[in-house]
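Pasting target.txt here (compact mmCIF, N, CA and C atoms):
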# COMPACT_ATOMS: atom_id res chain seq x y z
N MET A 1 -5.62 -19.50 37.20
CA MET A 1 -6.04 -18.19 36.77
C MET A 1 -5.56 -17.91 35.34
N ARG A 2 -4.29 -18.29 35.06
CA ARG A 2 -3.76 -18.08 33.71
C ARG A 2 -4.55 -18.90 32.68
N PHE A 3 -4.92 -20.11 33.05
CA PHE A 3 -5.71 -20.97 32.16
C PHE A 3 -7.04 -20.30 31.82
N LEU A 4 -7.67 -19.70 32.82
CA LEU A 4 -8.95 -19.02 32.60
C LEU A 4 -8.77 -17.85 31.62
N ALA A 5 -7.69 -17.09 31.77
CA ALA A 5 -7.42 -15.96 30.87
C ALA A 5 -7.24 -16.46 29.44
N ILE A 6 -6.52 -17.56 29.26
CA ILE A 6 -6.32 -18.13 27.93
C ILE A 6 -7.64 -18.59 27.34
N VAL A 7 -8.45 -19.26 28.12
CA VAL A 7 -9.76 -19.72 27.65
C VAL A 7 -10.63 -18.53 27.25
N LEU A 8 -10.63 -17.47 28.05
CA LEU A 8 -11.44 -16.29 27.73
C LEU A 8 -10.94 -15.63 26.44
N LEU A 9 -9.62 -15.55 26.24
CA LEU A 9 -9.07 -14.96 25.03
C LEU A 9 -9.44 -15.80 23.81
N LEU A 10 -9.30 -17.11 23.90
CA LEU A 10 -9.66 -17.98 22.78
C LEU A 10 -11.15 -17.89 22.48
N THR A 11 -11.97 -17.80 23.50
CA THR A 11 -13.41 -17.66 23.31
C THR A 11 -13.72 -16.34 22.60
N ALA A 12 -13.06 -15.26 23.00
CA ALA A 12 -13.29 -13.96 22.36
C ALA A 12 -12.88 -14.00 20.90
N CYS A 13 -11.74 -14.64 20.60
CA CYS A 13 -11.27 -14.74 19.21
C CYS A 13 -12.24 -15.56 18.38
N THR A 14 -12.69 -16.68 18.91
CA THR A 14 -13.63 -17.53 18.19
C THR A 14 -14.94 -16.80 17.97
N THR A 15 -15.41 -16.07 18.98
CA THR A 15 -16.66 -15.34 18.86
C THR A 15 -16.57 -14.25 17.79
N ALA A 16 -15.45 -13.53 17.75
CA ALA A 16 -15.29 -12.47 16.74
C ALA A 16 -15.29 -13.07 15.34
N ASN A 17 -14.54 -14.15 15.14
CA ASN A 17 -14.50 -14.80 13.83
C ASN A 17 -15.87 -15.35 13.45
N THR A 18 -16.54 -15.98 14.40
CA THR A 18 -17.86 -16.56 14.13
C THR A 18 -18.84 -15.47 13.72
N SER A 19 -18.81 -14.35 14.40
CA SER A 19 -19.70 -13.24 14.07
C SER A 19 -19.44 -12.72 12.66
N LEU A 20 -18.16 -12.53 12.30
CA LEU A 20 -17.82 -12.06 10.96
C LEU A 20 -18.23 -13.08 9.90
N VAL A 21 -17.95 -14.33 10.16
CA VAL A 21 -18.32 -15.39 9.21
C VAL A 21 -19.84 -15.43 9.05
N ASP A 22 -20.57 -15.33 10.15
CA ASP A 22 -22.04 -15.30 10.08
C ASP A 22 -22.52 -14.11 9.26
N ASP A 23 -21.90 -12.94 9.45
CA ASP A 23 -22.27 -11.75 8.69
C ASP A 23 -22.00 -11.95 7.19
N LEU A 24 -20.88 -12.58 6.86
CA LEU A 24 -20.56 -12.84 5.45
C LEU A 24 -21.53 -13.85 4.83
N ARG A 25 -21.89 -14.84 5.61
CA ARG A 25 -22.88 -15.81 5.12
C ARG A 25 -24.23 -15.14 4.91
N ALA A 26 -24.61 -14.25 5.84
CA ALA A 26 -25.87 -13.52 5.70
C ALA A 26 -25.84 -12.63 4.46
N ALA A 27 -24.64 -12.23 4.03
CA ALA A 27 -24.50 -11.41 2.82
C ALA A 27 -24.54 -12.27 1.56
N GLY A 28 -24.75 -13.59 1.73
CA GLY A 28 -24.91 -14.48 0.58
C GLY A 28 -23.66 -15.23 0.16
N LEU A 29 -22.60 -15.19 0.96
CA LEU A 29 -21.38 -15.88 0.60
C LEU A 29 -21.30 -17.27 1.24
N THR A 30 -20.65 -18.17 0.56
CA THR A 30 -20.35 -19.49 1.11
C THR A 30 -18.97 -19.40 1.74
N VAL A 31 -18.87 -19.70 3.03
CA VAL A 31 -17.62 -19.57 3.77
C VAL A 31 -17.33 -20.91 4.44
N THR A 32 -16.13 -21.47 4.15
CA THR A 32 -15.74 -22.77 4.69
C THR A 32 -14.43 -22.64 5.44
N ASP A 33 -14.41 -23.07 6.70
CA ASP A 33 -13.20 -22.99 7.53
C ASP A 33 -12.12 -23.92 6.98
N GLY A 34 -10.92 -23.36 6.79
CA GLY A 34 -9.79 -24.14 6.27
C GLY A 34 -8.70 -24.37 7.29
N GLY A 35 -8.89 -23.93 8.53
CA GLY A 35 -7.90 -24.18 9.57
C GLY A 35 -7.07 -22.96 9.93
N GLU A 36 -6.02 -23.23 10.66
CA GLU A 36 -5.15 -22.17 11.18
C GLU A 36 -4.21 -21.64 10.10
N VAL A 37 -3.85 -20.36 10.21
CA VAL A 37 -2.94 -19.73 9.26
C VAL A 37 -2.05 -18.74 10.03
N GLU A 38 -0.85 -18.53 9.50
CA GLU A 38 0.08 -17.56 10.08
C GLU A 38 0.70 -16.73 8.97
N GLN A 39 0.98 -15.48 9.28
CA GLN A 39 1.75 -14.61 8.39
C GLN A 39 2.94 -14.10 9.21
N PRO A 40 4.14 -14.09 8.62
CA PRO A 40 5.33 -13.71 9.39
C PRO A 40 5.32 -12.26 9.88
N PHE A 41 4.52 -11.42 9.30
CA PHE A 41 4.49 -10.01 9.66
C PHE A 41 3.37 -9.67 10.65
N LEU A 42 2.59 -10.66 11.07
CA LEU A 42 1.50 -10.43 12.02
C LEU A 42 1.82 -11.08 13.36
N GLY A 43 1.38 -10.45 14.43
CA GLY A 43 1.70 -10.90 15.77
C GLY A 43 0.76 -11.92 16.37
N THR A 44 -0.13 -12.49 15.58
CA THR A 44 -1.06 -13.50 16.09
C THR A 44 -1.37 -14.50 14.98
N LYS A 45 -1.84 -15.67 15.38
CA LYS A 45 -2.29 -16.67 14.40
C LYS A 45 -3.73 -16.35 14.02
N GLY A 46 -4.13 -16.85 12.87
CA GLY A 46 -5.49 -16.60 12.41
C GLY A 46 -6.13 -17.87 11.89
N ARG A 47 -7.26 -17.68 11.22
CA ARG A 47 -8.00 -18.77 10.56
C ARG A 47 -8.14 -18.40 9.11
N VAL A 48 -8.05 -19.39 8.24
CA VAL A 48 -8.26 -19.15 6.83
C VAL A 48 -9.58 -19.79 6.44
N TYR A 49 -10.32 -19.10 5.59
CA TYR A 49 -11.62 -19.56 5.12
C TYR A 49 -11.63 -19.53 3.60
N SER A 50 -12.18 -20.58 3.01
CA SER A 50 -12.44 -20.56 1.57
C SER A 50 -13.71 -19.76 1.37
N ILE A 51 -13.66 -18.87 0.40
CA ILE A 51 -14.77 -17.97 0.15
C ILE A 51 -14.80 -17.71 -1.35
N GLU A 52 -15.91 -17.31 -1.88
CA GLU A 52 -16.01 -17.09 -3.32
C GLU A 52 -14.82 -16.30 -3.85
N GLY A 53 -14.16 -16.86 -4.85
CA GLY A 53 -13.08 -16.15 -5.52
C GLY A 53 -11.74 -16.18 -4.82
N GLY A 54 -11.60 -16.88 -3.71
CA GLY A 54 -10.30 -16.92 -3.05
C GLY A 54 -10.35 -17.37 -1.61
N ASP A 55 -9.39 -16.86 -0.84
CA ASP A 55 -9.27 -17.19 0.57
C ASP A 55 -9.37 -15.93 1.41
N LEU A 56 -9.95 -16.09 2.60
CA LEU A 56 -10.06 -15.01 3.56
C LEU A 56 -9.34 -15.43 4.82
N GLN A 57 -8.37 -14.63 5.24
CA GLN A 57 -7.65 -14.89 6.48
C GLN A 57 -8.14 -13.89 7.52
N LEU A 58 -8.55 -14.40 8.68
CA LEU A 58 -9.03 -13.54 9.77
C LEU A 58 -8.10 -13.68 10.97
N TYR A 59 -7.61 -12.55 11.46
CA TYR A 59 -6.73 -12.50 12.62
C TYR A 59 -7.40 -11.67 13.69
N THR A 60 -7.70 -12.29 14.82
CA THR A 60 -8.37 -11.60 15.92
C THR A 60 -7.35 -11.32 17.02
N TYR A 61 -7.24 -10.07 17.40
CA TYR A 61 -6.26 -9.62 18.39
C TYR A 61 -6.94 -9.40 19.74
N PRO A 62 -6.14 -9.42 20.82
CA PRO A 62 -6.74 -9.20 22.14
C PRO A 62 -7.27 -7.79 22.34
N SER A 63 -6.80 -6.84 21.50
CA SER A 63 -7.28 -5.46 21.62
C SER A 63 -7.25 -4.78 20.26
N GLU A 64 -7.98 -3.69 20.17
CA GLU A 64 -7.99 -2.88 18.95
C GLU A 64 -6.60 -2.28 18.70
N ALA A 65 -5.93 -1.88 19.79
CA ALA A 65 -4.59 -1.29 19.67
C ALA A 65 -3.60 -2.29 19.07
N ALA A 66 -3.68 -3.55 19.48
CA ALA A 66 -2.78 -4.57 18.94
C ALA A 66 -3.04 -4.80 17.45
N ALA A 67 -4.30 -4.79 17.05
CA ALA A 67 -4.64 -4.95 15.63
C ALA A 67 -4.14 -3.74 14.84
N GLN A 68 -4.29 -2.56 15.40
CA GLN A 68 -3.83 -1.34 14.73
C GLN A 68 -2.31 -1.35 14.58
N GLN A 69 -1.61 -1.86 15.57
CA GLN A 69 -0.14 -1.92 15.51
C GLN A 69 0.32 -2.78 14.33
N ASP A 70 -0.30 -3.94 14.13
CA ASP A 70 0.05 -4.77 12.98
C ASP A 70 -0.43 -4.16 11.67
N ALA A 71 -1.60 -3.54 11.68
CA ALA A 71 -2.14 -2.91 10.46
C ALA A 71 -1.22 -1.78 9.99
N ALA A 72 -0.55 -1.12 10.93
CA ALA A 72 0.34 -0.01 10.59
C ALA A 72 1.55 -0.48 9.78
N LYS A 73 1.84 -1.77 9.80
CA LYS A 73 2.96 -2.32 9.02
C LYS A 73 2.62 -2.42 7.53
N ILE A 74 1.35 -2.27 7.19
CA ILE A 74 0.88 -2.46 5.81
C ILE A 74 0.65 -1.09 5.19
N SER A 75 1.39 -0.80 4.10
CA SER A 75 1.21 0.49 3.43
C SER A 75 -0.07 0.44 2.58
N PRO A 76 -0.61 1.59 2.18
CA PRO A 76 -1.84 1.62 1.40
C PRO A 76 -1.78 0.81 0.09
N ASP A 77 -0.58 0.62 -0.45
CA ASP A 77 -0.46 -0.17 -1.68
C ASP A 77 -0.20 -1.65 -1.40
N GLY A 78 -0.36 -2.06 -0.14
CA GLY A 78 -0.25 -3.46 0.22
C GLY A 78 1.16 -3.97 0.46
N GLN A 79 2.14 -3.09 0.47
CA GLN A 79 3.51 -3.50 0.79
C GLN A 79 3.62 -3.66 2.31
N ILE A 80 4.43 -4.65 2.72
CA ILE A 80 4.61 -4.92 4.14
C ILE A 80 5.99 -4.44 4.56
N GLU A 81 6.02 -3.63 5.58
CA GLU A 81 7.27 -3.07 6.09
C GLU A 81 8.28 -4.18 6.42
N GLY A 82 9.41 -4.19 5.71
CA GLY A 82 10.50 -5.12 6.00
C GLY A 82 10.28 -6.56 5.56
N VAL A 83 9.22 -6.84 4.79
CA VAL A 83 8.91 -8.22 4.40
C VAL A 83 8.56 -8.26 2.92
N GLN A 84 9.07 -9.25 2.23
CA GLN A 84 8.70 -9.49 0.83
C GLN A 84 7.75 -10.68 0.80
N VAL A 85 6.52 -10.48 0.36
CA VAL A 85 5.52 -11.55 0.34
C VAL A 85 5.11 -11.84 -1.10
N SER A 86 5.07 -13.12 -1.45
CA SER A 86 4.54 -13.53 -2.76
C SER A 86 3.13 -14.06 -2.53
N TRP A 87 2.15 -13.29 -2.95
CA TRP A 87 0.75 -13.66 -2.74
C TRP A 87 0.25 -14.56 -3.85
N MET A 88 -0.66 -15.48 -3.52
CA MET A 88 -1.28 -16.38 -4.50
C MET A 88 -2.26 -15.63 -5.38
N ALA A 89 -2.80 -14.55 -4.87
CA ALA A 89 -3.78 -13.72 -5.58
C ALA A 89 -3.65 -12.31 -5.02
N GLN A 90 -4.36 -11.36 -5.63
CA GLN A 90 -4.31 -9.97 -5.18
C GLN A 90 -4.83 -9.85 -3.75
N PRO A 91 -4.00 -9.30 -2.83
CA PRO A 91 -4.47 -9.15 -1.44
C PRO A 91 -5.23 -7.84 -1.22
N HIS A 92 -6.26 -7.94 -0.42
CA HIS A 92 -7.04 -6.80 0.04
C HIS A 92 -7.03 -6.88 1.57
N PHE A 93 -6.60 -5.82 2.23
CA PHE A 93 -6.44 -5.82 3.68
C PHE A 93 -7.55 -4.97 4.32
N TYR A 94 -8.11 -5.49 5.41
CA TYR A 94 -9.17 -4.80 6.14
C TYR A 94 -8.84 -4.84 7.63
N ARG A 95 -9.28 -3.81 8.35
CA ARG A 95 -9.23 -3.85 9.81
C ARG A 95 -10.53 -3.28 10.33
N SER A 96 -11.13 -4.04 11.23
CA SER A 96 -12.36 -3.61 11.88
C SER A 96 -12.24 -3.95 13.35
N GLY A 97 -12.13 -2.94 14.19
CA GLY A 97 -11.95 -3.19 15.62
C GLY A 97 -10.67 -3.97 15.87
N ASN A 98 -10.80 -5.11 16.53
CA ASN A 98 -9.63 -5.92 16.85
C ASN A 98 -9.38 -7.03 15.84
N VAL A 99 -9.98 -6.92 14.65
CA VAL A 99 -9.82 -7.95 13.62
C VAL A 99 -9.09 -7.37 12.41
N LEU A 100 -8.10 -8.13 11.94
CA LEU A 100 -7.40 -7.81 10.70
C LEU A 100 -7.75 -8.93 9.73
N ALA A 101 -8.13 -8.57 8.51
CA ALA A 101 -8.54 -9.55 7.50
C ALA A 101 -7.74 -9.34 6.23
N ILE A 102 -7.40 -10.45 5.58
CA ILE A 102 -6.73 -10.42 4.28
C ILE A 102 -7.55 -11.29 3.34
N TYR A 103 -8.07 -10.69 2.28
CA TYR A 103 -8.78 -11.44 1.25
C TYR A 103 -7.85 -11.57 0.05
N LEU A 104 -7.59 -12.79 -0.35
CA LEU A 104 -6.76 -13.06 -1.52
C LEU A 104 -7.68 -13.48 -2.65
N GLY A 105 -8.04 -12.52 -3.48
CA GLY A 105 -8.96 -12.79 -4.57
C GLY A 105 -9.44 -11.49 -5.19
N PHE A 106 -10.37 -11.63 -6.12
CA PHE A 106 -10.86 -10.44 -6.83
C PHE A 106 -12.32 -10.57 -7.22
N GLU A 107 -13.06 -11.46 -6.58
CA GLU A 107 -14.48 -11.66 -6.87
C GLU A 107 -15.27 -10.42 -6.43
N PRO A 108 -15.92 -9.71 -7.36
CA PRO A 108 -16.66 -8.49 -7.00
C PRO A 108 -17.70 -8.70 -5.89
N LYS A 109 -18.44 -9.80 -5.94
CA LYS A 109 -19.47 -10.07 -4.93
C LYS A 109 -18.83 -10.18 -3.54
N THR A 110 -17.68 -10.83 -3.46
CA THR A 110 -16.99 -11.00 -2.19
C THR A 110 -16.42 -9.67 -1.70
N LEU A 111 -15.82 -8.90 -2.61
CA LEU A 111 -15.27 -7.60 -2.24
C LEU A 111 -16.36 -6.67 -1.70
N GLU A 112 -17.52 -6.72 -2.34
CA GLU A 112 -18.64 -5.90 -1.89
C GLU A 112 -19.11 -6.32 -0.50
N ALA A 113 -19.23 -7.63 -0.28
CA ALA A 113 -19.67 -8.13 1.03
C ALA A 113 -18.64 -7.80 2.11
N LEU A 114 -17.37 -7.93 1.80
CA LEU A 114 -16.33 -7.61 2.77
C LEU A 114 -16.39 -6.13 3.15
N GLN A 115 -16.61 -5.28 2.18
CA GLN A 115 -16.69 -3.85 2.48
C GLN A 115 -17.91 -3.54 3.35
N ARG A 116 -19.03 -4.21 3.09
CA ARG A 116 -20.22 -4.00 3.93
C ARG A 116 -19.98 -4.46 5.37
N VAL A 117 -19.29 -5.59 5.53
CA VAL A 117 -19.09 -6.18 6.86
C VAL A 117 -17.91 -5.55 7.59
N LEU A 118 -16.79 -5.30 6.88
CA LEU A 118 -15.56 -4.85 7.54
C LEU A 118 -15.22 -3.37 7.28
N GLY A 119 -15.90 -2.75 6.34
CA GLY A 119 -15.57 -1.38 5.96
C GLY A 119 -14.61 -1.38 4.78
N ALA A 120 -14.21 -0.20 4.37
CA ALA A 120 -13.32 -0.06 3.23
C ALA A 120 -11.97 -0.70 3.52
N PRO A 121 -11.32 -1.23 2.49
CA PRO A 121 -10.01 -1.83 2.71
C PRO A 121 -9.00 -0.77 3.18
N ILE A 122 -8.08 -1.18 4.05
CA ILE A 122 -7.02 -0.27 4.50
C ILE A 122 -5.87 -0.28 3.50
N ALA A 123 -5.80 -1.34 2.67
CA ALA A 123 -4.74 -1.45 1.67
C ALA A 123 -5.14 -2.49 0.63
N GLU A 124 -4.64 -2.28 -0.58
CA GLU A 124 -4.86 -3.24 -1.67
C GLU A 124 -3.61 -3.23 -2.52
N LYS A 125 -3.10 -4.42 -2.78
CA LYS A 125 -1.93 -4.52 -3.64
C LYS A 125 -2.40 -4.71 -5.08
N PRO A 126 -1.97 -3.80 -5.97
CA PRO A 126 -2.40 -3.91 -7.38
C PRO A 126 -1.86 -5.16 -8.06

Here is the file; what I need is its structure written in the form of structure tokens.
Amino acid sequence: MRFLAIVLLLTACTTANTSLVDDLRAAGLTVTDGGEVEQPFLGTKGRVYSIEGGDLQLYTYPSEAAAQQDAAKISPDGQIEGVQVSWMAQPHFYRSGNVLAIYLGFEPKTLEALQRVLGAPIAEKP
């Protein structure tokens, strides 16, 4: 029974990421899977994708409440509660439902597509 629950959770996470990636591709972006990624301030592992102008990290949570709990750690200016992070590029944080996304880059076309697909950023570090 536990195995089935794990399989269903992994399937839901993969489906959410696949849907977002498909939406970004439909918006005209080239998106390439780069494998698994972790951030010390987030409660789940994610996937990193190469995308125009940078990298996109997608973290899919088992519930919207769990995603909101981690999103609450990020202040509007992109500071992380209790953590010092050195980013490779300017981070833009998004949350849509049970997905938390971090785009490290500044490509206008990508930022526009992300806003169409995920909504306005919840935080951006200048």

Which value, in Å to one decimal, gives the distance between atom CA of Lys73 of chain A and atom CA of Gly43 of chain A?
->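 Interatomic distance here is 11.0 Å.
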
Point out the residue among A:Ala26, A:Val21, A:Ala66, A:Ala120 with the least atom-to-atom distance to Ser50 of chain A, counting only C-alpha atoms.
->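 That would be A:Val21, the residue with the smallest distance to Ser50 of chain A.
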
If you measure from atom N of Ala67 of chain A to atom CA of Phe93 of chain A, what distance in Å do you get, rounded to one decimal?
-> 13.6 Å

Can you tell me, as a PDB file with N, CA and C atoms, in the coordinates of the input, which residues in chain A count as strand (DSSP E) by DSSP?
ATOM      1  N   VAL A  31     -18.870 -19.700   3.030  1.00  0.00           N
ATOM      2  CA  VAL A  31     -17.620 -19.570   3.770  1.00  0.00           C
ATOM      3  C   VAL A  31     -17.330 -20.910   4.440  1.00  0.00           C
ATOM      4  N   THR A  32     -16.130 -21.470   4.150  1.00  0.00           N
ATOM      5  CA  THR A  32     -15.740 -22.770   4.690  1.00  0.00           C
ATOM      6  C   THR A  32     -14.430 -22.640   5.440  1.00  0.00           C
ATOM      7  N   ASP A  33     -14.410 -23.070   6.700  1.00  0.00           N
ATOM      8  CA  ASP A  33     -13.200 -22.990   7.530  1.00  0.00           C
ATOM      9  C   ASP A  33     -12.120 -23.920   6.980  1.00  0.00           C
ATOM     10  N   GLY A  34     -10.920 -23.360   6.790  1.00  0.00           N
ATOM     11  CA  GLY A  34      -9.790 -24.140   6.270  1.00  0.00           C
ATOM     12  C   GLY A  34      -8.700 -24.370   7.290  1.00  0.00           C
ATOM     13  N   GLY A  35      -8.890 -23.930   8.530  1.00  0.00           N
ATOM     14  CA  GLY A  35      -7.900 -24.180   9.570  1.00  0.00           C
ATOM     15  C   GLY A  35      -7.070 -22.960   9.930  1.00  0.00           C
ATOM     16  N   GLU A  36      -6.020 -23.230  10.660  1.00  0.00           N
ATOM     17  CA  GLU A  36      -5.150 -22.170  11.180  1.00  0.00           C
ATOM     18  C   GLU A  36      -4.210 -21.640  10.100  1.00  0.00           C
ATOM     19  N   VAL A  37      -3.850 -20.360  10.210  1.00  0.00           N
ATOM     20  CA  VAL A  37      -2.940 -19.730   9.260  1.00  0.00           C
ATOM     21  C   VAL A  37      -2.050 -18.740  10.030  1.00  0.00           C
ATOM     22  N   GLY A  46      -4.130 -16.850  12.870  1.00  0.00           N
ATOM     23  CA  GLY A  46      -5.490 -16.600  12.410  1.00  0.00           C
ATOM     24  C   GLY A  46      -6.130 -17.870  11.890  1.00  0.00           C
ATOM     25  N   ARG A  47      -7.260 -17.680  11.220  1.00  0.00           N
ATOM     26  CA  ARG A  47      -8.000 -18.770  10.560  1.00  0.00           C
ATOM     27  C   ARG A  47      -8.140 -18.400   9.110  1.00  0.00           C
ATOM     28  N   VAL A  48      -8.050 -19.390   8.240  1.00  0.00           N
ATOM     29  CA  VAL A  48      -8.260 -19.150   6.830  1.00  0.00           C
ATOM     30  C   VAL A  48      -9.580 -19.790   6.440  1.00  0.00           C
ATOM     31  N   TYR A  49     -10.320 -19.100   5.590  1.00  0.00           N
ATOM     32  CA  TYR A  49     -11.620 -19.560   5.120  1.00  0.00           C
ATOM     33  C   TYR A  49     -11.630 -19.530   3.600  1.00  0.00           C
ATOM     34  N   SER A  50     -12.180 -20.580   3.010  1.00  0.00           N
ATOM     35  CA  SER A  50     -12.440 -20.560   1.570  1.00  0.00           C
ATOM     36  C   SER A  50     -13.710 -19.760   1.370  1.00  0.00           C
ATOM     37  N   ILE A  51     -13.660 -18.870   0.400  1.00  0.00           N
ATOM     38  CA  ILE A  51     -14.770 -17.970   0.150  1.00  0.00           C
ATOM     39  C   ILE A  51     -14.800 -17.710  -1.350  1.00  0.00           C
ATOM     40  N   GLY A  54     -11.600 -16.880  -3.710  1.00  0.00           N
ATOM     41  CA  GLY A  54     -10.300 -16.920  -3.050  1.00  0.00           C
ATOM     42  C   GLY A  54     -10.350 -17.370  -1.610  1.00  0.00           C
ATOM     43  N   ASP A  55      -9.390 -16.860  -0.840  1.00  0.00           N
ATOM     44  CA  ASP A  55      -9.270 -17.190   0.570  1.00  0.00           C
ATOM     45  C   ASP A  55      -9.370 -15.930   1.410  1.00  0.00           C
ATOM     46  N   LEU A  56      -9.950 -16.090   2.600  1.00  0.00           N
ATOM     47  CA  LEU A  56     -10.060 -15.010   3.560  1.00  0.00           C
ATOM     48  C   LEU A  56      -9.340 -15.430   4.820  1.00  0.00           C
ATOM     49  N   GLN A  57      -8.370 -14.630   5.240  1.00  0.00           N
ATOM     50  CA  GLN A  57      -7.650 -14.890   6.480  1.00  0.00           C
ATOM     51  C   GLN A  57      -8.140 -13.890   7.520  1.00  0.00           C
ATOM     52  N   LEU A  58      -8.550 -14.400   8.680  1.00  0.00           N
ATOM     53  CA  LEU A  58      -9.030 -13.540   9.770  1.00  0.00           C
ATOM     54  C   LEU A  58      -8.100 -13.680  10.970  1.00  0.00           C
ATOM     55  N   TYR A  59      -7.610 -12.550  11.460  1.00  0.00           N
ATOM     56  CA  TYR A  59      -6.730 -12.500  12.620  1.00  0.00           C
ATOM     57  C   TYR A  59      -7.400 -11.670  13.690  1.00  0.00           C
ATOM     58  N   THR A  60      -7.700 -12.290  14.820  1.00  0.00           N
ATOM     59  CA  THR A  60      -8.370 -11.600  15.920  1.00  0.00           C
ATOM     60  C   THR A  60      -7.350 -11.320  17.020  1.00  0.00           C
ATOM     61  N   PRO A  91      -4.000  -9.300  -2.830  1.00  0.00           N
ATOM     62  CA  PRO A  91      -4.470  -9.150  -1.440  1.00  0.00           C
ATOM     63  C   PRO A  91      -5.230  -7.840  -1.220  1.00  0.00           C
ATOM     64  N   HIS A  92      -6.260  -7.940  -0.420  1.00  0.00           N
ATOM     65  CA  HIS A  92      -7.040  -6.800   0.040  1.00  0.00           C
ATOM     66  C   HIS A  92      -7.030  -6.880   1.570  1.00  0.00           C
ATOM     67  N   PHE A  93      -6.600  -5.820   2.230  1.00  0.00           N
ATOM     68  CA  PHE A  93      -6.440  -5.820   3.680  1.00  0.00           C
ATOM     69  C   PHE A  93      -7.550  -4.970   4.320  1.00  0.00           C
ATOM     70  N   TYR A  94      -8.110  -5.490   5.410  1.00  0.00           N
ATOM     71  CA  TYR A  94      -9.170  -4.800   6.140  1.00  0.00           C
ATOM     72  C   TYR A  94      -8.840  -4.840   7.630  1.00  0.00           C
ATOM     73  N   ARG A  95      -9.280  -3.810   8.350  1.00  0.00           N
ATOM     74  CA  ARG A  95      -9.230  -3.850   9.810  1.00  0.00           C
ATOM     75  C   ARG A  95     -10.530  -3.280  10.330  1.00  0.00           C
ATOM     76  N   SER A  96     -11.130  -4.040  11.230  1.00  0.00           N
ATOM     77  CA  SER A  96     -12.360  -3.610  11.880  1.00  0.00           C
ATOM     78  C   SER A  96     -12.240  -3.950  13.350  1.00  0.00           C
ATOM     79  N   VAL A  99      -9.980  -6.920  14.650  1.00  0.00           N
ATOM     80  CA  VAL A  99      -9.820  -7.950  13.620  1.00  0.00           C
ATOM     81  C   VAL A  99      -9.090  -7.370  12.410  1.00  0.00           C
ATOM     82  N   LEU A 100      -8.100  -8.130  11.940  1.00  0.00           N
ATOM     83  CA  LEU A 100      -7.400  -7.810  10.700  1.00  0.00           C
ATOM     84  C   LEU A 100      -7.750  -8.930   9.730  1.00  0.00           C
ATOM     85  N   ALA A 101      -8.130  -8.570   8.510  1.00  0.00           N
ATOM     86  CA  ALA A 101      -8.540  -9.550   7.500  1.00  0.00           C
ATOM     87  C   ALA A 101      -7.740  -9.340   6.230  1.00  0.00           C
ATOM     88  N   ILE A 102      -7.400 -10.450   5.580  1.00  0.00           N
ATOM     89  CA  ILE A 102      -6.730 -10.420   4.280  1.00  0.00           C
ATOM     90  C   ILE A 102      -7.550 -11.290   3.340  1.00  0.00           C
ATOM     91  N   TYR A 103      -8.070 -10.690   2.280  1.00  0.00           N
ATOM     92  CA  TYR A 103      -8.780 -11.440   1.250  1.00  0.00           C
ATOM     93  C   TYR A 103      -7.850 -11.570   0.050  1.00  0.00           C
ATOM     94  N   LEU A 104      -7.590 -12.790  -0.350  1.00  0.00           N
ATOM     95  CA  LEU A 104      -6.760 -13.060  -1.520  1.00  0.00           C
ATOM     96  C   LEU A 104      -7.680 -13.480  -2.650  1.00  0.00           C
ATOM     97  N   GLY A 105      -8.040 -12.520  -3.480  1.00  0.00           N
ATOM     98  CA  GLY A 105      -8.960 -12.790  -4.570  1.00  0.00           C
ATOM     99  C   GLY A 105      -9.440 -11.490  -5.190  1.00  0.00           C
ATOM    100  N   ALA A 123      -5.800  -1.340   2.670  1.00  0.00           N
ATOM    101  CA  ALA A 123      -4.740  -1.450   1.670  1.00  0.00           C
ATOM    102  C   ALA A 123      -5.140  -2.490   0.630  1.00  0.00           C
ATOM    103  N   GLU A 124      -4.640  -2.280  -0.580  1.00  0.00           N
ATOM    104  CA  GLU A 124      -4.860  -3.240  -1.670  1.00  0.00           C
ATOM    105  C   GLU A 124      -3.610  -3.230  -2.520  1.00  0.00           C
TER     106      GLU A 124
END

Please, what distance in Å, to one decimal, runs between atom CA of Gly28 of chain A and atom CA of Leu114 of chain A?
-> 11.2 Å

Segment 104-113 of chain A surroundings by all atoms listed in the file, 6.5 Å radius, close-in-sequence under 3 positions cut, as a list in words = Leu24, Ala27, Glu52, Gly53, Gly54, Asp55, Leu56, Gln57, Met88, Ala89, Gln90, Pro91, His92, Arg116, Val117 and Leu118 of chain A

Closest to Tyr59 of chain A among A:Val83, A:Gly78, A:Thr30, A:Asn98, using all atoms listed in the file?
->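 Nearest to Tyr59 of chain A: A:Asn98.
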
Of the candidates A:Val99, A:Thr32, A:Asp23, A:Glu124, which one gets nearest to Ser75 of chain A if we count only N, CA and C atoms?
->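 Answer, going by the shortest atom-to-atom distance: A:Glu124.
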
Option closest in space to Val31 of chain A, from A:Ile51, A:Val85, A:Ala65, A:Ile102 [counting all atoms listed in the file] =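 Nearest candidate to Val31 of chain A out of A:Ile51, A:Val85, A:Ala65, A:Ile102: A:Ile51.
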
Give, as lines of an AutoDock Vina configuration file, the centre coordinates and the x, y and z edge lengths in Å to one decimal for an axis-aligned box around all listed atoms of segment 77-84 of chain A, padded by 4 Å on each side.
center_x = 5.0
center_y = -5.0
center_z = 2.4
size_x = 19.1
size_y = 19.3
size_z = 16.1

Any idea what's packed within 8 Å of Glu38 of chain A, counting all atoms listed in the file, ignoring anything in its chain fewer than 4 positions away? Could you give it as a list in words?
->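 The residues that qualify are Leu42, Thr44, Lys45, Gly46, Arg47 and Val48 of chain A.
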
DSSP on the backbone, then: every residue of chain A marked alpha helix (DSSP H), written as number ranges by chain.
-> A: 2-26, 64-71, 108-118

Among the residues A:Tyr94, A:Lys125, A:Ser19, A:Leu100, the one that comes closest to Gln79 of chain A [using only N, CA and C atoms] =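 Using only N, CA and C atoms, the shortest distance to Gln79 of chain A belongs to A:Lys125.
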